[in-house]
file protein-v3.txt (compact mmCIF, C-alpha atoms)
# COMPACT_ATOMS: atom_id res chain seq x y z
CA MET A 1137 -7.23 9.48 28.77
CA ALA A 1138 -5.14 12.64 28.95
CA ARG A 1139 -5.97 15.98 30.49
CA VAL A 1140 -5.43 18.53 27.74
CA ILE A 1141 -4.74 22.24 27.35
CA ILE A 1142 -5.81 23.66 23.98
CA PHE A 1143 -3.71 26.46 22.50
CA GLY A 1144 -5.82 29.20 20.92
CA LEU A 1145 -9.12 31.04 21.33
CA GLU A 1146 -10.42 31.15 17.76
CA ASP A 1147 -12.49 28.81 15.61
CA PHE A 1148 -9.93 26.01 15.37
CA ALA A 1149 -9.62 25.92 19.16
CA SER A 1150 -13.39 25.95 19.58
CA LEU A 1151 -13.77 23.06 17.15
CA ALA A 1152 -10.95 21.15 18.80
CA HIS A 1153 -12.77 21.51 22.12
CA TYR A 1154 -15.99 20.22 20.56
CA TYR A 1155 -14.35 17.20 18.94
CA LEU A 1156 -12.34 16.25 22.02
CA ARG A 1157 -15.40 16.62 24.23
CA ASN A 1158 -17.70 14.57 21.99
CA ASP A 1159 -15.41 12.11 20.22
CA SER A 1160 -12.45 11.27 22.44
CA ASP A 1161 -11.48 10.12 25.91
CA HIS A 1162 -9.54 13.33 26.55
CA GLU A 1163 -10.59 15.88 29.13
CA VAL A 1164 -10.07 19.54 28.21
CA ALA A 1165 -8.91 21.38 31.33
CA ALA A 1166 -8.13 24.86 29.98
CA PHE A 1167 -7.08 27.02 27.05
CA THR A 1168 -3.86 28.96 26.64
CA VAL A 1169 -2.52 31.79 24.48
CA THR A 1170 0.53 34.01 24.72
CA ARG A 1171 0.27 36.95 27.09
CA ASP A 1172 -0.41 39.46 24.30
CA TYR A 1173 -3.62 37.64 23.34
CA MET A 1174 -5.09 37.11 26.80
CA PRO A 1175 -8.79 38.12 26.94
CA GLU A 1176 -10.09 40.59 29.51
CA VAL A 1177 -12.16 37.83 31.06
CA PRO A 1178 -9.94 34.71 31.27
CA LEU A 1179 -12.66 32.25 30.24
CA PHE A 1180 -13.38 30.53 26.92
CA GLU A 1181 -16.20 28.05 26.42
CA GLY A 1182 -16.53 27.71 30.17
CA LYS A 1183 -12.87 26.82 30.69
CA PRO A 1184 -10.09 28.95 32.22
CA VAL A 1185 -7.64 30.73 29.95
CA VAL A 1186 -4.04 30.90 31.19
CA SER A 1187 -1.18 32.75 29.52
CA PHE A 1188 1.35 30.39 28.00
CA GLU A 1189 4.14 32.16 29.87
CA GLU A 1190 2.47 31.20 33.18
CA LEU A 1191 1.16 27.80 32.13
CA LYS A 1192 3.72 25.68 33.98
CA HIS A 1193 2.75 27.32 37.28
CA HIS A 1194 -0.81 26.04 36.92
CA TYR A 1195 -0.60 22.95 34.71
CA SER A 1196 2.51 20.81 34.99
CA PRO A 1197 3.96 19.16 31.86
CA ASP A 1198 4.02 15.95 33.89
CA ASP A 1199 0.24 15.96 34.26
CA PHE A 1200 -1.14 17.73 31.19
CA ARG A 1201 -0.68 17.54 27.44
CA LEU A 1202 -1.08 20.24 24.79
CA PHE A 1203 -3.07 20.42 21.59
CA ALA A 1204 -2.39 23.29 19.18
CA PRO A 1205 -4.41 22.84 15.96
CA LEU A 1206 -3.89 26.43 14.84
CA SER A 1207 -4.82 27.85 11.44
CA PRO A 1208 -2.43 27.65 8.45
CA ARG A 1209 -1.34 31.29 8.57
CA ARG A 1210 1.99 32.03 6.90
CA MET A 1211 2.02 28.60 5.26
CA ASN A 1212 1.60 26.79 8.60
CA ARG A 1213 4.64 28.49 10.10
CA VAL A 1214 2.67 30.27 12.85
CA ARG A 1215 1.46 26.87 14.00
CA GLU A 1216 4.98 25.47 13.70
CA ASP A 1217 6.34 28.26 15.89
CA ILE A 1218 3.85 27.47 18.66
CA TYR A 1219 4.50 23.75 18.22
CA ARG A 1220 8.21 24.28 18.80
CA ARG A 1221 7.67 26.60 21.76
CA VAL A 1222 5.39 24.07 23.42
CA LYS A 1223 7.96 21.31 22.99
CA GLU A 1224 10.72 23.53 24.36
CA ALA A 1225 8.55 24.12 27.43
CA GLY A 1226 8.55 20.37 28.04
CA TYR A 1227 4.96 19.52 27.13
CA ARG A 1228 3.89 16.51 25.10
CA PHE A 1229 1.16 16.69 22.45
CA ILE A 1230 -1.92 14.67 21.73
CA SER A 1231 -3.38 14.10 18.27
CA TYR A 1232 -7.08 13.89 17.44
CA LEU A 1233 -8.24 11.25 14.97
CA SER A 1234 -11.97 11.25 14.26
CA SER A 1235 -13.80 8.01 14.92
CA ARG A 1236 -15.51 8.70 11.59
CA ALA A 1237 -12.26 8.70 9.60
CA THR A 1238 -11.15 5.56 7.77
CA VAL A 1239 -7.62 4.68 8.85
CA PHE A 1240 -6.02 1.27 8.46
CA PRO A 1241 -3.91 -0.46 11.13
CA GLU A 1242 -0.25 0.39 11.54
CA THR A 1243 -0.59 3.80 9.89
CA PRO A 1244 1.99 6.11 11.49
CA ILE A 1245 0.45 9.43 12.49
CA GLY A 1246 2.55 12.10 14.21
CA GLU A 1247 1.82 14.36 17.16
CA ASN A 1248 -0.39 17.44 17.23
CA CYS A 1249 -2.40 16.20 14.25
CA PHE A 1250 -6.06 17.18 13.79
CA ILE A 1251 -7.77 14.67 11.47
CA LEU A 1252 -11.50 15.19 11.02
CA GLU A 1253 -14.39 13.08 9.81
CA ASP A 1254 -14.63 11.33 6.44
CA ASN A 1255 -10.93 11.30 5.71
CA THR A 1256 -9.89 8.10 3.95
CA ILE A 1257 -6.27 7.26 4.71
CA GLN A 1258 -5.28 4.21 2.70
CA PRO A 1259 -2.73 1.53 3.68
CA TYR A 1260 1.02 2.21 3.59
CA THR A 1261 0.67 5.92 4.15
CA LYS A 1262 2.59 8.06 6.62
CA ILE A 1263 1.52 11.34 8.23
CA GLY A 1264 4.04 13.61 9.96
CA ASP A 1265 3.77 15.95 12.93
CA ASP A 1266 1.53 19.00 13.21
CA VAL A 1267 -0.71 18.08 10.27
CA ILE A 1268 -4.33 19.19 9.81
CA LEU A 1269 -6.60 17.14 7.56
CA TRP A 1270 -9.98 18.85 7.43
CA SER A 1271 -13.01 16.76 6.51
CA GLY A 1272 -13.45 14.54 3.49
CA ASN A 1273 -9.96 14.05 2.02
CA HIS A 1274 -8.55 10.99 0.23
CA ILE A 1275 -4.94 10.11 1.09
CA GLY A 1276 -3.76 7.53 -1.42
CA HIS A 1277 -1.79 4.38 -0.69
CA HIS A 1278 2.00 4.50 -0.29
CA SER A 1279 1.93 8.28 0.09
CA SER A 1280 3.61 10.38 2.78
CA ILE A 1281 2.74 13.77 4.22
CA GLY A 1282 5.47 15.83 5.88
CA ASP A 1283 5.31 18.08 8.94
CA HIS A 1284 3.32 21.32 9.38
CA VAL A 1285 0.93 20.63 6.49
CA MET A 1286 -2.74 21.45 5.92
CA PHE A 1287 -5.28 19.81 3.64
CA THR A 1288 -8.56 21.74 3.58
CA SER A 1289 -11.49 19.56 2.38
CA HIS A 1290 -12.15 17.09 -0.43
CA VAL A 1291 -8.54 16.98 -1.56
CA VAL A 1292 -7.53 13.90 -3.55
CA LEU A 1293 -3.92 12.85 -3.06
CA SER A 1294 -3.30 9.88 -5.32
CA GLY A 1295 -1.04 6.94 -4.53
CA HIS A 1296 2.77 7.05 -4.18
CA CYS A 1297 2.86 10.83 -3.61
CA THR A 1298 5.17 12.76 -1.31
CA VAL A 1299 3.96 16.00 0.25
CA GLY A 1300 6.78 18.17 1.62
CA ASP A 1301 6.74 20.13 4.86
CA TYR A 1302 4.63 23.31 5.10
CA CYS A 1303 2.39 22.50 2.12
CA TYR A 1304 -1.17 23.81 1.87
CA LEU A 1305 -3.80 22.21 -0.37
CA GLY A 1306 -7.05 24.04 -1.08
CA VAL A 1307 -10.59 22.68 -1.36
CA ASN A 1308 -11.11 20.12 -4.16
CA ALA A 1309 -7.46 20.08 -5.21
CA THR A 1310 -6.26 16.93 -6.99
CA VAL A 1311 -2.73 15.53 -7.14
CA ARG A 1312 -1.87 12.85 -9.70
CA ASP A 1313 -0.19 9.63 -8.56
CA GLY A 1314 3.55 9.44 -8.05
CA LEU A 1315 4.19 13.16 -7.63
CA ARG A 1316 6.34 15.09 -5.20
CA LEU A 1317 5.10 18.41 -3.83
CA GLY A 1318 8.07 20.55 -2.89
CA GLU A 1319 8.35 22.13 0.54
CA GLY A 1320 5.94 25.01 1.02
CA THR A 1321 3.84 24.31 -2.08
CA LEU A 1322 0.45 26.02 -2.14
CA VAL A 1323 -2.09 24.22 -4.31
CA ALA A 1324 -5.07 26.48 -4.96
CA MET A 1325 -8.66 25.26 -4.62
CA GLY A 1326 -9.80 23.18 -7.56
CA ALA A 1327 -6.30 22.87 -9.00
CA CYS A 1328 -5.26 19.64 -10.72
CA VAL A 1329 -1.55 18.98 -10.26
CA GLY A 1330 0.01 16.75 -12.91
CA ARG A 1331 3.73 17.40 -12.34
CA ASP A 1332 6.14 17.70 -9.43
CA THR A 1333 6.09 21.16 -7.85
CA GLU A 1334 8.86 23.57 -6.93
CA PRO A 1335 9.41 24.61 -3.30
CA TRP A 1336 7.53 27.65 -1.97
CA SER A 1337 5.51 28.06 -5.15
CA VAL A 1338 1.81 28.48 -5.95
CA TYR A 1339 -0.06 26.24 -8.41
CA GLN A 1340 -3.46 27.12 -9.79
CA GLY A 1341 -5.84 25.93 -12.50
CA ASN A 1342 -6.61 22.77 -14.46
CA PRO A 1343 -4.05 21.72 -15.44
CA ALA A 1344 -2.26 23.47 -12.59
CA ARG A 1345 0.39 25.98 -13.57
CA LYS A 1346 2.97 27.74 -11.45
CA ARG A 1347 2.12 31.35 -10.68
CA GLU A 1348 4.70 34.13 -10.57
CA VAL A 1349 4.33 34.58 -6.84
CA ALA A 1350 5.87 32.79 -3.87
CA SER A 1351 3.60 30.91 -1.52
CA THR A 1352 5.09 32.95 1.34
CA ASP A 1353 3.49 36.04 -0.22
CA VAL A 1354 -0.04 34.57 -0.25
CA GLU A 1355 -2.34 34.88 2.77
CA THR A 1356 -3.63 31.46 3.83

call {"tool": "encode", "arguments": {"input": "protein-v3.txt", "output": "structure tokens"}}
result
Amino acid sequence: MARVIIFGLEDFASLAHYYLRNDSDHEVAAFTVTRDYMPEVPLFEGKPVVSFEELKHHYSPDDFRLFAPLSPRRMNRVREDIYRRVKEAGYRFISYLSSRATVFPETPIGENCFILEDNTIQPYTKIGDDVILWSGNHIGHHSSIGDHVMFTSHVVLSGHCTVGDYCYLGVNATVRDGLRLGEGTLVAMGACVGRDTEPWSVYQGNPARKREVASTDVET
């Protein structure tokens, strides 16, 4: 069991608190945000809220771990920025893996991952750091997912696929077997990807086609 500080005060943080409280051995001690986002009343869901800049004075990195399952804003780069700042401050991360997810032994899963119920993660897969897999996804055998990635829900990633860092896959997206999604690929909801994708691009439709817009210009 680890005593945990959750970064954030929005829906993802609230859900993280619920899952950790009801489906893990971790104890949530407090929440934290940067000073600019501190609430007038420093309480959230009955727990104290401490500014990240002051966190070490109240919760030592030797005794507490962090969990920062933030939303995928700016193609997951907001979450990545907090992830890096937390590591620079000397804290270690936990990951949450739902007891209702199907995961086979010896599957490497990185830190600060938030993996919810009904995910099926087949053998010989690899999941990087700072990855969010919302509920109900299929991660095919011999596939790998990079760092700072988000799958929404009911995404099908077929076998032998490689998902680059910073990718975002919308609800009900499908990726054919053996493909490589370039860094920062945004796959729109319901899209069916049948070819490798180019970095920082947007793919939409069935069959999915590249749009004339960069993924960095789309609000996620």

call {"tool": "atom_distance", "arguments": {"input": "protein-v3.txt", "atom1": "CA of Ser1187 in chain A", "atom2": "CA of Phe1167 in chain A"}}
result
8.6 Å

call {"tool": "atom_distance", "arguments": {"input": "protein-v3.txt", "atom1": "CA of Arg1209 in chain A", "atom2": "CA of Val1349 in chain A"}}
result
16.7 Å

call {"tool": "closest_atom_pairs", "arguments": {"input": "protein-v3.txt", "of": "range 1182-1255 of chain A", "to": "range 1137-1141 of chain A", "cutoff": "7 Å", "atoms": "only C-alpha atoms", "output": "JSON lines"}}
result
{"residue": "A:Phe1200", "atom": "CA", "partner": "A:Arg1139", "partner_atom": "CA", "distance": 5.2}
{"residue": "A:Arg1201", "atom": "CA", "partner": "A:Val1140", "partner_atom": "CA", "distance": 4.9}
{"residue": "A:Leu1202", "atom": "CA", "partner": "A:Ile1141", "partner_atom": "CA", "distance": 4.9}
{"residue": "A:Phe1203", "atom": "CA", "partner": "A:Ile1141", "partner_atom": "CA", "distance": 6.3}

call {"tool": "write_last_selection", "arguments": {"input": "protein-v3.txt", "atoms": "C-alpha atoms", "output": "PDB file, keeping the file's coordinate frame"}}
result
ATOM      1  CA  PHE A1200      -1.140  17.730  31.190  1.00  0.00           C
ATOM      2  CA  ARG A1201      -0.680  17.540  27.440  1.00  0.00           C
ATOM      3  CA  LEU A1202      -1.080  20.240  24.790  1.00  0.00           C
ATOM      4  CA  PHE A1203      -3.070  20.420  21.590  1.00  0.00           C
TER       5      PHE A1203
END

call {"tool": "residues_around", "arguments": {"input": "protein-v3.txt", "residues": "Ala1149 in chain A", "least_positions_apart": "2", "cutoff": "9 Å", "atoms": "all atoms listed in the file", "output": "list of chain:residue names"}}
result
A:Ile1142, A:Phe1143, A:Gly1144, A:Leu1145, A:Glu1146, A:Asp1147, A:Leu1151, A:Ala1152, A:His1153, A:Tyr1154, A:Phe1167, A:Phe1203, A:Ala1204, A:Pro1205, A:Leu1206

call {"tool": "atom_distance", "arguments": {"input": "protein-v3.txt", "atom1": "CA of Ala1225 in chain A", "atom2": "CA of Glu1189 in chain A"}}
result
9.5 Å

call {"tool": "closest_atom_pairs", "arguments": {"input": "protein-v3.txt", "of": "range 1187-1280 of chain A", "to": "range 1303-1324 of chain A", "cutoff": "9 Å", "atoms": "only C-alpha atoms", "output": "tab-separated table"}}
result
residue	atom	partner	partner_atom	distance
A:Pro1208	CA	A:Tyr1304	CA	7.7
A:Met1211	CA	A:Tyr1304	CA	6.7
A:Asn1212	CA	A:Cys1303	CA	7.8
A:Asn1273	CA	A:Asn1308	CA	8.7
A:Gly1276	CA	A:Asp1313	CA	8.3
A:Ser1279	CA	A:Gly1314	CA	8.4

call {"tool": "residues_near_point", "arguments": {"input": "protein-v3.txt", "point": "(-1.1, 6.5, 6.7)", "cutoff": "8 Å", "atoms": "all atoms listed in the file", "output": "VMD selection string"}}
result
chain A and resid 1239 to 1240 1242 to 1245 1257 to 1263 1275 1277 to 1280

call {"tool": "residues_around", "arguments": {"input": "protein-v3.txt", "residues": "range 1230-1237 of chain A", "least_positions_apart": "3", "cutoff": "8 Å", "atoms": "all atoms listed in the file", "output": "ChimeraX atom specification"}}
result
/A:1140,1155-1156,1159-1160,1201-1203,1246-1257

call {"tool": "closest_residue", "arguments": {"input": "protein-v3.txt", "among": "A:Ser1294, A:Trp1270, A:Arg1213, A:Phe1287", "to": "Glu1355 in chain A", "atoms": "all atoms listed in the file"}}
result
A:Arg1213

call {"tool": "closest_residue", "arguments": {"input": "protein-v3.txt", "among": "A:Val1177, A:Thr1238, A:Asp1265, A:Ser1207", "to": "Thr1288 in chain A", "atoms": "only C-alpha atoms"}}
result
A:Ser1207

call {"tool": "closest_residue", "arguments": {"input": "protein-v3.txt", "among": "A:Asp1283, A:Glu1216, A:Asp1266, A:Glu1348", "to": "Glu1334 in chain A", "atoms": "only C-alpha atoms"}}
result
A:Glu1348

call {"tool": "axis_aligned_box", "arguments": {"input": "protein-v3.txt", "around": "range 1313-1320 of chain A", "padding_each_side": "3 Å", "output": "JSON"}}
result
{"center_x": 4.1, "center_y": 17.2, "center_z": -3.8, "size_x": 14.5, "size_y": 21.6, "size_z": 15.6}

call {"tool": "decode", "arguments": {"input": "protein-v3.txt", "residues": "range 1285-1322 of chain A", "atoms": "N, CA and C atoms", "output": "mmCIF file, in the first residue's frame"}}
result
data_model
loop_
_atom_site.group_PDB
_atom_site.id
_atom_site.type_symbol
_atom_site.label_atom_id
_atom_site.label_comp_id
_atom_site.auth_asym_id
_atom_site.auth_seq_id
_atom_site.Cartn_x
_atom_site.Cartn_y
_atom_site.Cartn_z
ATOM 1 N N VAL A 1285 0.048 8.722 -23.861
ATOM 2 C CA VAL A 1285 -0.960 8.314 -24.855
ATOM 3 C C VAL A 1285 -2.313 8.233 -24.165
ATOM 4 N N MET A 1286 -3.395 8.473 -24.933
ATOM 5 C CA MET A 1286 -4.738 8.207 -24.413
ATOM 6 C C MET A 1286 -5.576 7.450 -25.416
ATOM 7 N N PHE A 1287 -6.184 6.342 -24.930
ATOM 8 C CA PHE A 1287 -7.256 5.652 -25.641
ATOM 9 C C PHE A 1287 -8.547 6.029 -24.910
ATOM 10 N N THR A 1288 -9.577 6.457 -25.630
ATOM 11 C CA THR A 1288 -10.832 6.788 -24.970
ATOM 12 C C THR A 1288 -11.568 5.498 -24.597
ATOM 13 N N SER A 1289 -12.608 5.087 -25.321
ATOM 14 C CA SER A 1289 -13.304 3.839 -24.995
ATOM 15 C C SER A 1289 -13.618 3.054 -26.262
ATOM 16 N N HIS A 1290 -13.607 1.737 -26.116
ATOM 17 C CA HIS A 1290 -13.988 0.802 -27.180
ATOM 18 C C HIS A 1290 -13.135 0.963 -28.431
ATOM 19 N N VAL A 1291 -11.871 1.236 -28.207
ATOM 20 C CA VAL A 1291 -10.887 1.268 -29.288
ATOM 21 C C VAL A 1291 -10.386 -0.156 -29.513
ATOM 22 N N VAL A 1292 -10.240 -0.545 -30.770
ATOM 23 C CA VAL A 1292 -9.649 -1.834 -31.111
ATOM 24 C C VAL A 1292 -8.286 -1.592 -31.755
ATOM 25 N N LEU A 1293 -7.246 -1.987 -31.046
ATOM 26 C CA LEU A 1293 -5.889 -1.964 -31.579
ATOM 27 C C LEU A 1293 -5.525 -3.402 -31.896
ATOM 28 N N SER A 1294 -5.377 -3.715 -33.160
ATOM 29 C CA SER A 1294 -5.114 -5.099 -33.552
ATOM 30 C C SER A 1294 -3.675 -5.502 -33.224
ATOM 31 N N GLY A 1295 -3.340 -6.755 -33.490
ATOM 32 C CA GLY A 1295 -2.040 -7.275 -33.116
ATOM 33 C C GLY A 1295 -0.882 -6.669 -33.895
ATOM 34 N N HIS A 1296 0.314 -6.724 -33.279
ATOM 35 C CA HIS A 1296 1.562 -6.285 -33.911
ATOM 36 C C HIS A 1296 1.527 -4.817 -34.346
ATOM 37 N N CYS A 1297 0.844 -3.976 -33.560
ATOM 38 C CA CYS A 1297 0.813 -2.539 -33.846
ATOM 39 C C CYS A 1297 1.763 -1.796 -32.923
ATOM 40 N N THR A 1298 2.219 -0.639 -33.371
ATOM 41 C CA THR A 1298 3.051 0.245 -32.559
ATOM 42 C C THR A 1298 2.394 1.614 -32.517
ATOM 43 N N VAL A 1299 2.105 2.067 -31.309
ATOM 44 C CA VAL A 1299 1.478 3.373 -31.107
ATOM 45 C C VAL A 1299 2.546 4.319 -30.572
ATOM 46 N N GLY A 1300 2.845 5.382 -31.303
ATOM 47 C CA GLY A 1300 3.886 6.316 -30.893
ATOM 48 C C GLY A 1300 3.472 7.173 -29.711
ATOM 49 N N ASP A 1301 4.431 7.881 -29.146
ATOM 50 C CA ASP A 1301 4.168 8.791 -28.033
ATOM 51 C C ASP A 1301 3.139 9.852 -28.438
ATOM 52 N N TYR A 1302 2.363 10.308 -27.453
ATOM 53 C CA TYR A 1302 1.430 11.431 -27.569
ATOM 54 C C TYR A 1302 0.200 11.139 -28.434
ATOM 55 N N CYS A 1303 -0.037 9.900 -28.807
ATOM 56 C CA CYS A 1303 -1.198 9.616 -29.645
ATOM 57 C C CYS A 1303 -2.498 9.711 -28.848
ATOM 58 N N TYR A 1304 -3.580 9.970 -29.571
ATOM 59 C CA TYR A 1304 -4.922 10.051 -28.996
ATOM 60 C C TYR A 1304 -5.859 9.292 -29.923
ATOM 61 N N LEU A 1305 -6.600 8.335 -29.360
ATOM 62 C CA LEU A 1305 -7.526 7.533 -30.161
ATOM 63 C C LEU A 1305 -8.935 7.715 -29.621
ATOM 64 N N GLY A 1306 -9.849 8.153 -30.501
ATOM 65 C CA GLY A 1306 -11.212 8.450 -30.104
ATOM 66 C C GLY A 1306 -12.078 7.213 -29.965
ATOM 67 N N VAL A 1307 -13.280 7.409 -29.446
ATOM 68 C CA VAL A 1307 -14.224 6.327 -29.178
ATOM 69 C C VAL A 1307 -14.502 5.521 -30.450
ATOM 70 N N ASN A 1308 -14.432 4.194 -30.302
ATOM 71 C CA ASN A 1308 -14.761 3.242 -31.384
ATOM 72 C C ASN A 1308 -13.804 3.297 -32.564
ATOM 73 N N ALA A 1309 -12.615 3.842 -32.373
ATOM 74 C CA ALA A 1309 -11.610 3.796 -33.438
ATOM 75 C C ALA A 1309 -11.080 2.371 -33.588
ATOM 76 N N THR A 1310 -10.665 2.033 -34.802
ATOM 77 C CA THR A 1310 -10.129 0.706 -35.102
ATOM 78 C C THR A 1310 -8.817 0.850 -35.869
ATOM 79 N N VAL A 1311 -7.820 0.078 -35.463
ATOM 80 C CA VAL A 1311 -6.511 0.099 -36.118
ATOM 81 C C VAL A 1311 -6.194 -1.308 -36.596
ATOM 82 N N ARG A 1312 -5.956 -1.450 -37.885
ATOM 83 C CA ARG A 1312 -5.667 -2.754 -38.477
ATOM 84 C C ARG A 1312 -4.345 -3.301 -37.963
ATOM 85 N N ASP A 1313 -4.178 -4.613 -38.027
ATOM 86 C CA ASP A 1313 -2.976 -5.270 -37.510
ATOM 87 C C ASP A 1313 -1.717 -4.833 -38.250
ATOM 88 N N GLY A 1314 -0.623 -4.794 -37.505
ATOM 89 C CA GLY A 1314 0.685 -4.546 -38.090
ATOM 90 C C GLY A 1314 1.007 -3.108 -38.417
ATOM 91 N N LEU A 1315 0.208 -2.161 -37.948
ATOM 92 C CA LEU A 1315 0.420 -0.759 -38.320
ATOM 93 C C LEU A 1315 1.245 -0.010 -37.282
ATOM 94 N N ARG A 1316 1.787 1.100 -37.743
ATOM 95 C CA ARG A 1316 2.540 2.001 -36.873
ATOM 96 C C ARG A 1316 1.855 3.370 -36.898
ATOM 97 N N LEU A 1317 1.430 3.834 -35.716
ATOM 98 C CA LEU A 1317 0.869 5.172 -35.601
ATOM 99 C C LEU A 1317 1.993 6.125 -35.226
ATOM 100 N N GLY A 1318 2.243 7.103 -36.078
ATOM 101 C CA GLY A 1318 3.318 8.044 -35.824
ATOM 102 C C GLY A 1318 3.066 8.886 -34.587
ATOM 103 N N GLU A 1319 4.129 9.410 -34.031
ATOM 104 C CA GLU A 1319 4.048 10.253 -32.842
ATOM 105 C C GLU A 1319 2.989 11.336 -33.021
ATOM 106 N N GLY A 1320 2.155 11.513 -31.992
ATOM 107 C CA GLY A 1320 1.172 12.582 -32.017
ATOM 108 C C GLY A 1320 0.023 12.381 -32.985
ATOM 109 N N THR A 1321 -0.245 11.146 -33.388
ATOM 110 C CA THR A 1321 -1.390 10.877 -34.261
ATOM 111 C C THR A 1321 -2.689 11.032 -33.483
ATOM 112 N N LEU A 1322 -3.658 11.710 -34.076
ATOM 113 C CA LEU A 1322 -5.005 11.780 -33.533
ATOM 114 C C LEU A 1322 -5.921 10.982 -34.446
#
